[in-house]
Amino acid sequence: MSAFGRRGGASGNSGGRPSFGIARPMKGPGGATSLPLEGGDQFPPLDPMDFAADDSFGAPPPPGEKADAMTRLAERQAASAEAPSSKNEGFEASIHRIKEQVLPRLLERVDPEAAATLSKDELAEEFRPIIGEVLAELKINLNRREQFALEKVLVDELLGLGPLEELLSDPEISDIMVNGPNQTFIEKRGKLEVAQIQFRDEEHLFQIAQRIVNKVGRRIDQTTPLADARLQDGSRVNVIVPPLSLRGTAISIRKFSEKPITIDMMKNFGSMSDKMATVLKIAGASRFNVIISGGTGSGKTTMLNALSKLIDPGERVITIEDAAELRLQQPHWLPLETRPPNLEGQGAITIRDLVINALRMRPDRIILGEIRGSECFDLLAAMNTGHDGSMATLHSNSPRECLARMENMVMMSDIKVPKEAISRQIADSVDLIVQVKRLRDGSRRTTNVTEVIGMEGDVIVTQELFKFEYLDETADGKIIGEYRSMGLRPYTLEKAKQFGFDGPYLEACL
């Protein structure tokens, strides 16, 4: 079919006439055209090579060109919905099969308690001759590369996190999502892909999940099927097991860069403009009360860690989180972590308990990893009572929605305060809202920097200092946009003036 909905060529027409549209030039025996292709004033001459026998009318665009939005939608609908499976292939698969044969015999020769006291390198040295004996018994011959790979896999299995160790050691991977023993996804450069690792069975995966949560004093079983934990490098872990997870044990790991990310690095990545970076640096140094708003995986914690670099080294900073993942770049920093209830349902320490206690610890700033409930009121009280420069993250899609969520959090708690008083408390406490977002191409951008000015009637008044505006999209799906300054005089200029930053702050905003 051509783009006009008619069949091309003489075969699609009973009269043998060519289809309506472009008449093809007649060709002689030698393939040369018998008539010159001369156009009139309106139509330029046509090149015969442009009209080969297989024309491309109605065909999908070549890979370099941007496909029509509806075409992409049709392709997505037609794609198979079959769930991909993480299967080892090639070299890794053969090492995995050998490991399954060697591991039971190795465990018969090793004292687990003694092995647990050794480091990974020491254990590898102890294992080397024993692995050689087991391979000789099984009549398996390995070259040097295969033997080193087998040693690493076995040590990871006994002391580490098994197949996850390979993913955790890859610096390009930012997220690991295990959906049961047969499927694992990873995120690289903002895009999800299937990881080529495999667990033996559900029991193997459950043992690794228990090993993760036990290291931070938590537990996971059928009576407590949910757990938040962290790894030694600060990576955040969430575990959910059956019967809540229907595909088996699910582990979600949010990795953090070993090298702390700064505001300048985020600017170089294209996450913000030069002027936005200047304003955020001044906000951190001038003790603005900042709320970082965004969706899951948008970079809220990364932004909070970057802002902490601007805190005066002489200030005492206390961070409060459910699972400690903040890694502040300050010398005087005390991290606090909540505690879940015990088996009897008692002994839980919530974020609100820690915020109230932190007020008695002489903090200069209080930083909450995330506000979800009634602790919002206590944080606002702290911001209003001499703890300027406090910060927190919050899940929301826009600065205006962030303010509404804060109001709702306080109202849902047992604090009996009128809505007008809550709104006024927020307007008096919060100085700046930084909205971060992960766009559909995987890039993370600072989309809004918004000031909270005050109250007008019963409405909180804000003004936008900076905004990211979407412009276009490249052929490979990368989003093109522009960071725009609204050219407004900042309301918080007086606060910046107290620290000597009023000149650069005003210049960056205008």
# chains A, B, ... in the order shown; residues from 1 in each chain; ligands from 1

call {"tool": "select_by_dssp", "arguments": {"residues": "region 243-356 of chain A", "states": "alpha helix (DSSP H)", "output": "ChimeraX atom specification"}}
result
/A:263-268,274-285,300-308,351-356

call {"tool": "residues_around", "arguments": {"residues": "Met383 (chain A)", "least_positions_apart": "6", "cutoff": "10 Å", "atoms": "only C-alpha atoms", "output": "list in words"}}
result
Phe288, Asn289, Val290, Arg365, Ile366, Phe377, Gly389, Ser390, Met391, Gln425, Ile426, Asp428, Ser429, Val430 and Asp431 of chain A

call {"tool": "closest_residue", "arguments": {"among": "A:Ile140, A:Gly503, A:Gln196, A:Pro340", "to": "Arg219 (chain A)", "atoms": "only C-alpha atoms"}}
result
A:Pro340

call {"tool": "atom_distance", "arguments": {"atom1": "CA of Gly487 (chain A)", "atom2": "CA of Leu510 (chain A)"}}
result
4.2 Å

call {"tool": "select_by_dssp", "arguments": {"residues": "region 225-409 of chain A", "states": "strand (DSSP E or B)", "output": "JSON, numbers by chain"}}
result
{"A": [226, 227, 228, 229, 230, 236, 237, 238, 239, 240, 250, 251, 252, 253, 254, 290, 291, 292, 293, 294, 317, 318, 319, 320, 321, 333, 334, 335, 336, 337, 339, 349, 365, 366, 367, 368, 391, 392, 393, 394, 395]}

call {"tool": "write_last_selection", "arguments": {"atoms": "N, CA and C atoms", "output": "compact mmCIF listing (two decimals), in the first residue's frame"}}
result
# COMPACT_ATOMS: atom_id res chain seq x y z
N LEU A 226 8.19 -6.91 55.47
CA LEU A 226 8.74 -5.67 54.90
C LEU A 226 9.93 -5.22 55.73
N ALA A 227 10.96 -4.72 55.07
CA ALA A 227 12.12 -4.21 55.82
C ALA A 227 12.87 -3.18 54.99
N ASP A 228 13.30 -2.11 55.66
CA ASP A 228 14.23 -1.13 55.07
C ASP A 228 15.58 -1.34 55.72
N ALA A 229 16.62 -1.33 54.92
CA ALA A 229 17.97 -1.55 55.46
C ALA A 229 18.96 -0.74 54.61
N ARG A 230 20.22 -0.92 54.88
CA ARG A 230 21.27 -0.26 54.11
C ARG A 230 22.48 -1.18 54.05
N ARG A 236 20.80 2.20 49.85
CA ARG A 236 19.51 1.93 50.50
C ARG A 236 18.90 0.65 49.95
N VAL A 237 18.33 -0.16 50.84
CA VAL A 237 17.75 -1.45 50.45
C VAL A 237 16.33 -1.54 50.99
N ASN A 238 15.42 -2.01 50.14
CA ASN A 238 14.08 -2.37 50.58
C ASN A 238 13.83 -3.82 50.22
N VAL A 239 13.30 -4.59 51.17
CA VAL A 239 13.03 -6.01 50.95
C VAL A 239 11.57 -6.29 51.25
N ILE A 240 10.92 -7.04 50.37
CA ILE A 240 9.55 -7.49 50.60
C ILE A 240 9.47 -8.96 50.17
N ALA A 250 11.52 -9.91 46.80
CA ALA A 250 11.88 -8.77 45.96
C ALA A 250 12.82 -7.86 46.73
N ILE A 251 13.95 -7.53 46.11
CA ILE A 251 14.96 -6.66 46.73
C ILE A 251 15.17 -5.46 45.82
N SER A 252 15.07 -4.26 46.38
CA SER A 252 15.32 -3.02 45.62
C SER A 252 16.49 -2.30 46.28
N ILE A 253 17.55 -2.07 45.52
CA ILE A 253 18.76 -1.43 46.04
C ILE A 253 19.00 -0.13 45.29
N ARG A 254 19.07 0.97 46.02
CA ARG A 254 19.42 2.27 45.44
C ARG A 254 20.88 2.55 45.79
N VAL A 290 15.18 24.84 53.34
CA VAL A 290 14.96 24.32 51.99
C VAL A 290 14.20 23.00 52.05
N ILE A 291 13.17 22.87 51.19
CA ILE A 291 12.47 21.61 50.98
C ILE A 291 12.79 21.15 49.56
N ILE A 292 13.30 19.94 49.43
CA ILE A 292 13.60 19.38 48.11
C ILE A 292 12.47 18.43 47.75
N SER A 293 11.79 18.75 46.67
CA SER A 293 10.59 18.03 46.27
C SER A 293 10.85 17.27 44.97
N GLY A 294 10.25 16.09 44.85
CA GLY A 294 10.42 15.31 43.62
C GLY A 294 9.82 13.93 43.74
N VAL A 317 25.29 19.50 62.78
CA VAL A 317 24.20 19.04 61.91
C VAL A 317 23.73 17.66 62.39
N ILE A 318 22.43 17.50 62.55
CA ILE A 318 21.85 16.21 62.92
C ILE A 318 20.91 15.76 61.80
N THR A 319 21.14 14.56 61.29
CA THR A 319 20.26 14.00 60.26
C THR A 319 19.41 12.89 60.85
N ILE A 320 18.17 12.80 60.39
CA ILE A 320 17.21 11.82 60.91
C ILE A 320 16.58 11.10 59.73
N GLU A 321 16.64 9.76 59.73
CA GLU A 321 16.13 8.97 58.62
C GLU A 321 15.57 7.64 59.11
N TRP A 333 28.80 16.13 62.19
CA TRP A 333 27.55 15.57 61.68
C TRP A 333 27.21 14.31 62.48
N LEU A 334 25.98 14.28 63.00
CA LEU A 334 25.53 13.13 63.78
C LEU A 334 24.29 12.52 63.12
N PRO A 335 24.41 11.32 62.53
CA PRO A 335 23.23 10.68 61.92
C PRO A 335 22.43 9.89 62.94
N LEU A 336 21.10 10.01 62.88
CA LEU A 336 20.19 9.23 63.73
C LEU A 336 19.29 8.39 62.83
N GLU A 337 18.87 7.22 63.35
CA GLU A 337 18.07 6.30 62.56
C GLU A 337 16.92 5.76 63.41
N ARG A 339 13.87 3.11 64.70
CA ARG A 339 13.90 1.69 65.06
C ARG A 339 12.50 1.10 64.91
N ILE A 349 10.79 3.45 67.61
CA ILE A 349 11.21 4.85 67.70
C ILE A 349 10.96 5.47 66.34
N ARG A 365 21.50 22.77 62.67
CA ARG A 365 20.57 22.42 61.59
C ARG A 365 20.05 21.00 61.82
N ILE A 366 18.78 20.79 61.48
CA ILE A 366 18.18 19.44 61.50
C ILE A 366 17.81 19.10 60.06
N ILE A 367 18.25 17.95 59.60
CA ILE A 367 17.98 17.52 58.23
C ILE A 367 17.22 16.20 58.27
N LEU A 368 16.05 16.17 57.66
CA LEU A 368 15.25 14.95 57.59
C LEU A 368 15.42 14.32 56.22
N MET A 391 16.73 21.31 56.48
CA MET A 391 16.34 20.83 55.15
C MET A 391 15.61 19.51 55.27
N ALA A 392 14.86 19.17 54.20
CA ALA A 392 14.16 17.88 54.15
C ALA A 392 13.81 17.58 52.71
N THR A 393 13.51 16.32 52.42
CA THR A 393 12.99 15.95 51.12
C THR A 393 11.54 15.51 51.28
N LEU A 394 10.80 15.57 50.17
CA LEU A 394 9.38 15.26 50.22
C LEU A 394 8.94 14.80 48.83
N HIS A 395 8.06 13.81 48.78
CA HIS A 395 7.55 13.32 47.50
C HIS A 395 6.41 14.20 47.00

call {"tool": "residues_around", "arguments": {"residues": "Glu193 (chain A)", "least_positions_apart": "3", "cutoff": "12 Å", "atoms": "only C-alpha atoms", "output": "list of chain:residue names"}}
result
A:Pro84, A:Ser85, A:Ser86, A:Ile173, A:Ser174, A:Asp175, A:Ile176, A:Met177, A:Val178, A:Gln183, A:Thr184, A:Phe185, A:Ile186, A:Glu187, A:Lys188, A:Arg189, A:Gly190, A:Gln196

call {"tool": "write_last_selection", "arguments": {"atoms": "N, CA, C and O atoms", "output": "compact mmCIF listing (two decimals), in the first residue's frame"}}
result
# COMPACT_ATOMS: atom_id res chain seq x y z
N PRO A 84 10.64 -10.68 30.68
CA PRO A 84 12.00 -11.18 30.41
C PRO A 84 12.57 -11.89 31.63
O PRO A 84 12.22 -11.57 32.77
N SER A 85 13.43 -12.83 31.38
CA SER A 85 14.04 -13.59 32.47
C SER A 85 15.54 -13.34 32.47
O SER A 85 16.16 -13.22 31.42
N SER A 86 16.13 -13.25 33.66
CA SER A 86 17.57 -13.05 33.79
C SER A 86 18.26 -14.41 33.71
O SER A 86 18.17 -15.21 34.63
N ILE A 173 26.01 1.18 37.48
CA ILE A 173 24.66 0.77 37.88
C ILE A 173 24.21 1.63 39.06
O ILE A 173 24.92 1.75 40.06
N SER A 174 23.02 2.24 38.94
CA SER A 174 22.51 3.09 40.02
C SER A 174 21.37 2.43 40.79
O SER A 174 21.12 2.81 41.93
N ASP A 175 20.67 1.49 40.18
CA ASP A 175 19.57 0.80 40.85
C ASP A 175 19.60 -0.68 40.50
O ASP A 175 19.90 -1.04 39.35
N ILE A 176 19.29 -1.51 41.50
CA ILE A 176 19.18 -2.96 41.28
C ILE A 176 17.81 -3.38 41.79
O ILE A 176 17.45 -3.09 42.93
N MET A 177 17.03 -4.05 40.93
CA MET A 177 15.67 -4.47 41.29
C MET A 177 15.52 -5.95 41.03
O MET A 177 15.48 -6.39 39.87
N VAL A 178 15.46 -6.73 42.11
CA VAL A 178 15.32 -8.18 42.02
C VAL A 178 13.84 -8.52 42.17
O VAL A 178 13.24 -8.26 43.21
N GLN A 183 14.35 -13.10 37.80
CA GLN A 183 14.32 -11.84 37.05
C GLN A 183 14.95 -10.72 37.87
O GLN A 183 14.53 -10.45 38.99
N THR A 184 15.97 -10.09 37.29
CA THR A 184 16.63 -8.95 37.93
C THR A 184 16.83 -7.85 36.89
O THR A 184 17.32 -8.11 35.80
N PHE A 185 16.44 -6.64 37.26
CA PHE A 185 16.63 -5.47 36.40
C PHE A 185 17.65 -4.54 37.04
O PHE A 185 17.77 -4.48 38.27
N ILE A 186 18.36 -3.80 36.20
CA ILE A 186 19.29 -2.78 36.68
C ILE A 186 19.01 -1.49 35.92
O ILE A 186 18.41 -1.50 34.84
N GLU A 187 19.44 -0.37 36.52
CA GLU A 187 19.33 0.92 35.84
C GLU A 187 20.73 1.42 35.53
O GLU A 187 21.57 1.56 36.43
N LYS A 188 20.97 1.69 34.24
CA LYS A 188 22.23 2.27 33.79
C LYS A 188 21.93 3.53 33.01
O LYS A 188 21.14 3.49 32.06
N ARG A 189 22.53 4.65 33.41
CA ARG A 189 22.34 5.94 32.74
C ARG A 189 20.86 6.27 32.59
O ARG A 189 20.42 6.77 31.55
N GLY A 190 20.07 5.95 33.60
CA GLY A 190 18.66 6.32 33.60
C GLY A 190 17.75 5.36 32.86
O GLY A 190 16.55 5.58 32.82
N GLN A 196 22.16 -10.00 33.71
CA GLN A 196 22.45 -11.40 33.43
C GLN A 196 22.97 -12.10 34.68
O GLN A 196 24.09 -12.61 34.71
